[in-house]
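What follows is a single structure, written as structure tokens, with notes after it.
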Amino acid sequence: MEFFQGTLDSTSEIDEARIFDTTLRDGEQSPGTSFSYEDKREIAALLDEMGTHVIEAGFPVNSDAEFEAVRDIAASTSTTVCGLARVVEADVEAALESGVELVHVFVSTSDVQLQDSMHATREDALERAVTSVERVKEAGVEVMFSPMDATRTDESFLIEVVEAVSEAGTDWINIPDTTGVATPGRFQQLVGTVVEHTDARVDVHTHDDFGLATANALSGYEAGAAQSQVSVNGIGERAGNAAYEEVVMALESLYDVDTGIDTTRITELSRLIEEKSSIAIPGNKPVVGGNAFAHESGIHAAGVIENADTFEPGVMTPEMVGAERELVLGKHTGTHSVRERLAEAGYDPTDEEVRQVTRRVKDYGAEKRQVTLDVLERFADEVGVDRTRLEEVSA
């Protein structure tokens, strides 16, 4: 890939970028979403085939069905599978018994959650965090620790917890923006501070309440985090999480980092999650939305026909994510798009015929009606556009 010279031509900010997928855990917590055992197995298999570094398969203690799904995913995939656990003995033991390669333990550290959700003190949280990390390490399993609601936690206490679990031997520290209140600059500073106070590898988990989840995840990488937690299509609690497809393609295309992910299957993965979650993908969704590589505006379409890099990022093409470019006909369509689509349909129009068909397309689109191929062919036939000239040339 060639990064165009200009105001954004630096690609050296991130050295390493791993992907931790939480679609099956946090993603499933989207209101109204429930993945069946078969759904989870199918989704996990595709994530594994694509090269996702970690799959958080679920919360083993939650139910027998959840335990079984997590256990079977851990046994059937080649990537690292993670199980979530509160800093509660039963949770930790269930995660260990499920056979996952990584146990993700968490406890609230913000005063508002400690007081009004956990009904515990800072001292309680710290002690339980250390005890849980030590238990997982004693079992010989990799452990990640999360200070939940880190971005609303008193910084001095956050660092105290980070240092304590680091001394207890945690392999990873996840910094979660649990309620999506971080901004990229502030989050970058916070993650950088945590990196300075631990020898463990750092991971981030960002929520999208203000539409900043992907930006914050990338800021985390820039600050020294090695990994971010994402979900496909950005699904998850409330407004969701940083989107798998957005973070991966930003890393690959804007930062020129090789994530090892097979990006050509991103659209396939996105459609699978849309189907299984029953959460529709908006047309304007970055990377995977129906409009992501679609062009209607006459100026844009004319440029793209000449060279797709004119009005697309250039460093991200539809082929890279398993999608296709589309020239959409409607109110804003110009003659270049109409000529291109007529040619694809086997017509050989004159300049005047193109102008006449274009006028019909614009009028039809102005009434908020979709200009399908059948409609375009009807307009071409009404104008009298000839197919035979092209057929003769082809012969």
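Letters A, B, ... go to the chains of the structure tokens in the order shown; residues in each chain start at 1; ligands are counted from 1 in the same order.
Near region 276-281 of chain A, within a cut-off of 9 Å and counting only C-alpha atoms, sit the residues Gly27, Glu28, Ser30, Gly32, Thr33, Ser34, Phe35, Ser36, Asp39, Ile43, Asn233, Ile235, Ser270, Arg271, Val288, Gly289 and Gly290 of chain A, with same-chain residues fewer than 5 positions away left out.
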Take the residues that were just selected and, keeping N, CA, C and O atoms, output them as a short mmCIF file (atom, residue, chain, number, x, y, z; two decimals), in the first residue's frame.
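Generated file (part_35.cif):
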```cif
data_model
loop_
_atom_site.label_atom_id
_atom_site.label_comp_id
_atom_site.auth_asym_id
_atom_site.auth_seq_id
_atom_site.Cartn_x
_atom_site.Cartn_y
_atom_site.Cartn_z
N GLY A 27 -20.18 -8.09 23.17
CA GLY A 27 -21.09 -7.90 22.04
C GLY A 27 -22.44 -8.52 22.28
O GLY A 27 -23.48 -7.94 21.95
N GLU A 28 -22.44 -9.70 22.90
CA GLU A 28 -23.71 -10.38 23.17
C GLU A 28 -24.52 -9.66 24.24
O GLU A 28 -25.72 -9.90 24.38
N SER A 30 -25.38 -6.69 24.08
CA SER A 30 -26.25 -5.73 23.42
C SER A 30 -27.70 -6.05 23.79
O SER A 30 -28.10 -7.21 23.71
N GLY A 32 -31.21 -7.21 23.76
CA GLY A 32 -31.97 -7.98 22.77
C GLY A 32 -31.18 -9.00 22.00
O GLY A 32 -31.74 -9.74 21.19
N THR A 33 -29.86 -9.07 22.23
CA THR A 33 -29.02 -10.02 21.49
C THR A 33 -28.73 -11.26 22.32
O THR A 33 -28.41 -11.16 23.51
N SER A 34 -28.84 -12.42 21.70
CA SER A 34 -28.50 -13.67 22.36
C SER A 34 -27.97 -14.64 21.32
O SER A 34 -28.67 -14.99 20.37
N PHE A 35 -26.72 -15.06 21.47
CA PHE A 35 -26.12 -16.02 20.56
C PHE A 35 -26.37 -17.43 21.08
O PHE A 35 -26.14 -17.73 22.26
N SER A 36 -26.82 -18.31 20.21
CA SER A 36 -26.98 -19.71 20.58
C SER A 36 -25.61 -20.39 20.64
O SER A 36 -24.60 -19.82 20.19
N ASP A 39 -24.38 -20.56 17.20
CA ASP A 39 -23.95 -19.24 16.75
C ASP A 39 -22.53 -18.96 17.23
O ASP A 39 -21.66 -18.52 16.47
N ILE A 43 -19.27 -18.27 14.87
CA ILE A 43 -18.59 -16.98 14.92
C ILE A 43 -17.14 -17.17 15.34
O ILE A 43 -16.21 -16.59 14.75
N ASN A 233 -18.84 -5.04 14.17
CA ASN A 233 -19.89 -4.05 13.95
C ASN A 233 -20.06 -3.10 15.13
O ASN A 233 -21.01 -2.32 15.18
N ILE A 235 -20.92 -3.82 18.16
CA ILE A 235 -22.03 -4.11 19.05
C ILE A 235 -21.54 -4.28 20.49
O ILE A 235 -20.37 -4.59 20.73
N SER A 270 -18.77 -9.40 9.20
CA SER A 270 -19.75 -8.38 9.57
C SER A 270 -21.17 -8.83 9.27
O SER A 270 -22.08 -8.66 10.10
N ARG A 271 -21.37 -9.41 8.10
CA ARG A 271 -22.71 -9.89 7.72
C ARG A 271 -23.16 -11.05 8.62
O ARG A 271 -24.34 -11.16 8.94
N VAL A 288 -17.83 -1.43 6.51
CA VAL A 288 -18.74 -2.52 6.15
C VAL A 288 -20.15 -2.07 5.78
O VAL A 288 -20.97 -2.89 5.37
N GLY A 289 -20.48 -0.79 5.92
CA GLY A 289 -21.80 -0.31 5.56
C GLY A 289 -22.04 -0.37 4.07
O GLY A 289 -21.09 -0.37 3.27
N GLY A 290 -23.31 -0.43 3.68
CA GLY A 290 -23.63 -0.51 2.26
C GLY A 290 -23.15 0.67 1.44
O GLY A 290 -22.96 0.56 0.23
#
```
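For Val54 (chain A), the set of protein, DNA and RNA residues having any atom at most 7 Å away, when counting only C-alpha atoms and skipping those fewer than 2 positions along the same chain, is Ile19, Phe20, Asp21, Thr52, Glu56, Thr79, Thr80, Val81 and Cys82 of chain A.
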How would the residues just chosen look if you wrote them out with C-alpha atoms as a compact mmCIF listing (two decimals), in the first residue's frame?
```txt
# COMPACT_ATOMS: atom_id res chain seq x y z
CA ILE A 19 -6.73 -7.75 18.37
CA PHE A 20 -8.81 -9.08 21.28
CA ASP A 21 -12.34 -9.81 20.09
CA THR A 52 -7.79 -12.92 15.55
CA GLU A 56 -13.27 -13.74 24.59
CA THR A 79 -6.07 -19.01 18.82
CA THR A 80 -6.06 -17.88 22.46
CA VAL A 81 -9.51 -18.19 24.03
CA CYS A 82 -10.43 -16.06 27.03
```
May I have the residues within 7 Å of region 208-219 of chain A as an mmCIF file with C-alpha atoms, in the first residue's frame, using only C-alpha atoms and disregarding those fewer than 6 positions away in the same chain?
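Wrote part_33.cif, looks like this:
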```cif
data_model
loop_
_atom_site.group_PDB
_atom_site.id
_atom_site.type_symbol
_atom_site.label_atom_id
_atom_site.label_comp_id
_atom_site.auth_asym_id
_atom_site.auth_seq_id
_atom_site.Cartn_x
_atom_site.Cartn_y
_atom_site.Cartn_z
ATOM 1 C CA THR A 179 -18.847 4.255 30.252
ATOM 2 C CA GLY A 180 -17.276 5.775 27.135
ATOM 3 C CA THR A 183 -11.344 11.499 24.882
ATOM 4 C CA PRO A 184 -8.396 10.465 22.695
ATOM 5 C CA PHE A 187 -7.014 8.382 27.217
ATOM 6 C CA GLN A 188 -3.602 8.396 25.591
ATOM 7 C CA SER A 228 -7.321 -3.476 22.101
ATOM 8 C CA ALA A 239 -23.822 2.348 22.234
ATOM 9 C CA GLY A 240 -21.364 -0.513 21.873
ATOM 10 C CA ASN A 241 -17.612 -1.026 21.647
ATOM 11 C CA ALA A 242 -14.775 -0.095 19.347
ATOM 12 C CA ALA A 243 -15.578 -1.855 16.076
ATOM 13 C CA GLU A 246 -12.708 -0.033 12.044
ATOM 14 C CA VAL A 247 -9.772 -0.681 14.362
#
```
(request) For Thr259 (chain A), list every protein, DNA or RNA residue within 7 Å, evaluated using only C-alpha atoms, and leave out those in the same chain fewer than 3 positions away; present the list as a list in words. (result) Ala17, Arg18 and Glu252 of chain A
Do you know which residues are at most 8 Å from Ala200 (chain A) counting only C-alpha atoms, after dropping those on the same chain fewer than 5 positions away, and could you put them as a PDB file with N, CA and C atoms, in the first residue's frame?
```
ATOM      1  N   SER A 166       0.372  -6.110  39.298  1.00  0.00           N
ATOM      2  CA  SER A 166       1.618  -6.360  38.563  1.00  0.00           C
ATOM      3  C   SER A 166       2.575  -7.169  39.433  1.00  0.00           C
ATOM      4  N   THR A 170       0.301 -10.492  37.178  1.00  0.00           N
ATOM      5  CA  THR A 170      -0.596 -10.448  36.027  1.00  0.00           C
ATOM      6  C   THR A 170       0.185 -10.306  34.724  1.00  0.00           C
ATOM      7  N   ASP A 171      -0.280 -10.978  33.694  1.00  0.00           N
ATOM      8  CA  ASP A 171       0.382 -10.908  32.386  1.00  0.00           C
ATOM      9  C   ASP A 171      -0.085  -9.700  31.590  1.00  0.00           C
ATOM     10  N   TRP A 172      -1.356  -9.353  31.791  1.00  0.00           N
ATOM     11  CA  TRP A 172      -1.964  -8.246  31.054  1.00  0.00           C
ATOM     12  C   TRP A 172      -2.707  -7.336  32.021  1.00  0.00           C
ATOM     13  N   ILE A 173      -2.700  -6.045  31.731  1.00  0.00           N
ATOM     14  CA  ILE A 173      -3.580  -5.104  32.401  1.00  0.00           C
ATOM     15  C   ILE A 173      -4.419  -4.436  31.330  1.00  0.00           C
TER      16      ILE A 173
END
```
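Of the residues under consideration (A:Glu353, A:Arg359, A:Arg369, A:Val165), A:Glu353 shows the shortest atom-to-atom contact distance to Asp386 (chain A) when counting only C-alpha atoms.
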(message) With only C-alpha atoms as the counted atoms, please give the residues lying no more than 10 Å from Glu167 (chain A), apart from itself and same-chain residues fewer than 5 positions off, as a PyMOL selection string.
(response) chain A and resi 130+133-134+161-162+198-200
(request) Compare A:Val232, A:Val383, A:Val191, A:Ala292 by their minimum atom-to-atom distance to Ile55 (chain A), counting only C-alpha atoms, and give me the closest one. (result) A:Val232
(request) Write down as a ChimeraX atom specification the residues belonging to region 63-238 of chain A that are assigned strand (DSSP E or B) by DSSP computed on the backbone. (result) /A:80-86,102-108,142-148,172-177,201-207,227-231
For the residues in that selection, give me N, CA, C and O atoms as a short mmCIF file (atom, residue, chain, number, x, y, z; two decimals), in the first residue's frame.
```cif
data_model
loop_
_atom_site.label_atom_id
_atom_site.label_comp_id
_atom_site.auth_asym_id
_atom_site.auth_seq_id
_atom_site.Cartn_x
_atom_site.Cartn_y
_atom_site.Cartn_z
N THR A 80 -5.86 -17.99 21.02
CA THR A 80 -6.06 -17.88 22.46
C THR A 80 -7.53 -17.60 22.75
O THR A 80 -8.10 -16.66 22.20
N VAL A 81 -8.13 -18.40 23.62
CA VAL A 81 -9.51 -18.19 24.03
C VAL A 81 -9.53 -17.72 25.47
O VAL A 81 -8.82 -18.24 26.32
N CYS A 82 -10.37 -16.71 25.73
CA CYS A 82 -10.43 -16.06 27.03
C CYS A 82 -11.79 -16.26 27.67
O CYS A 82 -12.82 -16.27 26.99
N GLY A 83 -11.79 -16.41 29.00
CA GLY A 83 -13.02 -16.46 29.77
C GLY A 83 -13.03 -15.35 30.80
O GLY A 83 -12.00 -15.07 31.43
N LEU A 84 -14.16 -14.71 30.98
CA LEU A 84 -14.29 -13.59 31.90
C LEU A 84 -14.64 -14.08 33.30
O LEU A 84 -15.38 -15.06 33.46
N ALA A 85 -14.16 -13.36 34.33
CA ALA A 85 -14.47 -13.72 35.71
C ALA A 85 -14.41 -12.49 36.60
O ALA A 85 -13.49 -11.68 36.48
N ARG A 86 -15.41 -12.36 37.46
CA ARG A 86 -15.31 -11.36 38.52
C ARG A 86 -14.25 -11.83 39.52
O ARG A 86 -13.81 -12.99 39.47
N LEU A 102 -6.64 -17.99 28.67
CA LEU A 102 -6.50 -16.69 29.31
C LEU A 102 -7.73 -16.42 30.17
O LEU A 102 -8.86 -16.54 29.69
N VAL A 103 -7.52 -16.10 31.45
CA VAL A 103 -8.62 -15.73 32.34
C VAL A 103 -8.57 -14.22 32.55
O VAL A 103 -7.54 -13.67 32.93
N HIS A 104 -9.70 -13.57 32.28
CA HIS A 104 -9.82 -12.11 32.37
C HIS A 104 -10.61 -11.78 33.63
O HIS A 104 -11.82 -11.96 33.66
N VAL A 105 -9.92 -11.35 34.69
CA VAL A 105 -10.59 -11.01 35.94
C VAL A 105 -10.76 -9.50 36.05
O VAL A 105 -9.91 -8.74 35.59
N PHE A 106 -11.87 -9.08 36.64
CA PHE A 106 -12.12 -7.64 36.73
C PHE A 106 -12.80 -7.28 38.04
O PHE A 106 -13.50 -8.11 38.66
N VAL A 107 -12.59 -6.03 38.46
CA VAL A 107 -13.26 -5.48 39.63
C VAL A 107 -13.39 -3.98 39.43
O VAL A 107 -12.52 -3.34 38.83
N SER A 108 -14.47 -3.42 39.91
CA SER A 108 -14.67 -1.98 39.83
C SER A 108 -13.63 -1.26 40.69
O SER A 108 -13.29 -1.72 41.79
N GLU A 142 -2.51 -17.99 31.87
CA GLU A 142 -2.28 -16.57 31.62
C GLU A 142 -3.45 -15.77 32.17
O GLU A 142 -4.61 -16.19 32.11
N VAL A 143 -3.15 -14.58 32.74
CA VAL A 143 -4.20 -13.79 33.37
C VAL A 143 -4.16 -12.35 32.90
O VAL A 143 -3.09 -11.77 32.69
N MET A 144 -5.35 -11.78 32.72
CA MET A 144 -5.53 -10.36 32.43
C MET A 144 -6.35 -9.76 33.56
O MET A 144 -7.35 -10.34 33.99
N PHE A 145 -5.96 -8.60 34.02
CA PHE A 145 -6.72 -7.91 35.06
C PHE A 145 -7.27 -6.59 34.53
O PHE A 145 -6.56 -5.83 33.88
N SER A 146 -8.55 -6.32 34.85
CA SER A 146 -9.19 -5.06 34.45
C SER A 146 -9.69 -4.28 35.66
O SER A 146 -10.50 -4.81 36.43
N PRO A 147 -9.23 -3.05 35.85
CA PRO A 147 -9.83 -2.16 36.83
C PRO A 147 -11.05 -1.49 36.19
O PRO A 147 -10.91 -0.50 35.45
N MET A 148 -12.23 -2.07 36.40
CA MET A 148 -13.41 -1.59 35.69
C MET A 148 -13.70 -0.13 36.03
O MET A 148 -13.57 0.29 37.17
N TRP A 172 -1.36 -9.35 31.79
CA TRP A 172 -1.96 -8.25 31.05
C TRP A 172 -2.71 -7.34 32.02
O TRP A 172 -3.30 -7.81 32.99
N ILE A 173 -2.70 -6.05 31.73
CA ILE A 173 -3.58 -5.10 32.40
C ILE A 173 -4.42 -4.44 31.33
O ILE A 173 -3.89 -3.84 30.38
N ASN A 174 -5.73 -4.59 31.48
CA ASN A 174 -6.67 -3.95 30.55
C ASN A 174 -7.15 -2.64 31.17
O ASN A 174 -7.53 -2.61 32.34
N ILE A 175 -7.13 -1.57 30.38
CA ILE A 175 -7.65 -0.29 30.84
C ILE A 175 -8.98 -0.05 30.15
O ILE A 175 -9.04 0.28 28.96
N PRO A 176 -10.10 -0.23 30.88
CA PRO A 176 -11.42 -0.07 30.26
C PRO A 176 -12.01 1.33 30.45
O PRO A 176 -12.00 1.88 31.55
N ASP A 177 -12.50 1.87 29.35
CA ASP A 177 -13.31 3.09 29.40
C ASP A 177 -14.76 2.62 29.44
O ASP A 177 -15.49 2.68 28.45
N ARG A 201 1.89 -6.44 29.98
CA ARG A 201 1.46 -5.84 28.71
C ARG A 201 0.11 -5.17 28.92
O ARG A 201 -0.70 -5.61 29.75
N VAL A 202 -0.11 -4.10 28.17
CA VAL A 202 -1.31 -3.30 28.38
C VAL A 202 -2.28 -3.46 27.22
O VAL A 202 -1.88 -3.54 26.05
N ASP A 203 -3.54 -3.52 27.55
CA ASP A 203 -4.65 -3.74 26.63
C ASP A 203 -5.69 -2.66 26.96
O ASP A 203 -5.75 -2.17 28.08
N VAL A 204 -6.52 -2.28 25.98
CA VAL A 204 -7.55 -1.27 26.24
C VAL A 204 -8.91 -1.76 25.79
O VAL A 204 -9.02 -2.59 24.88
N HIS A 205 -9.95 -1.24 26.44
CA HIS A 205 -11.33 -1.62 26.13
C HIS A 205 -12.14 -0.33 26.13
O HIS A 205 -12.31 0.31 27.18
N THR A 206 -12.62 0.08 24.96
CA THR A 206 -13.26 1.39 24.84
C THR A 206 -14.71 1.28 24.39
O THR A 206 -15.03 0.49 23.50
N HIS A 207 -15.57 2.10 25.00
CA HIS A 207 -16.99 2.12 24.65
C HIS A 207 -17.32 3.37 23.85
O HIS A 207 -16.61 4.37 23.89
N GLN A 227 -2.55 -4.10 22.63
CA GLN A 227 -3.76 -4.79 22.21
C GLN A 227 -4.99 -3.96 22.56
O GLN A 227 -4.98 -3.19 23.52
N SER A 228 -6.05 -4.11 21.76
CA SER A 228 -7.32 -3.48 22.10
C SER A 228 -8.44 -4.49 21.98
O SER A 228 -8.37 -5.43 21.19
N GLN A 229 -9.49 -4.28 22.79
CA GLN A 229 -10.65 -5.15 22.78
C GLN A 229 -11.72 -4.53 21.89
O GLN A 229 -12.08 -3.37 22.06
N VAL A 230 -12.22 -5.31 20.96
CA VAL A 230 -13.15 -4.81 19.95
C VAL A 230 -14.29 -5.80 19.77
O VAL A 230 -14.20 -6.95 20.20
N SER A 231 -15.36 -5.35 19.14
CA SER A 231 -16.44 -6.27 18.76
C SER A 231 -16.85 -5.98 17.33
O SER A 231 -16.77 -4.83 16.87
#
```
(request) State, in Å with one decimal place, the distance from CA of Leu373 (chain A) to CA of Val287 (chain A). (result)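 Between CA of Leu373 (chain A) and CA of Val287 (chain A) the gap is 24.9 Å.
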(message) Just to confirm, what's the straight-line distance from CA of Lys362 (chain A) to CA of Gly330 (chain A) in Å (one decimal)?
(response)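 Spanning CA of Lys362 (chain A) to CA of Gly330 (chain A) is a straight-line distance of 5.5 Å.
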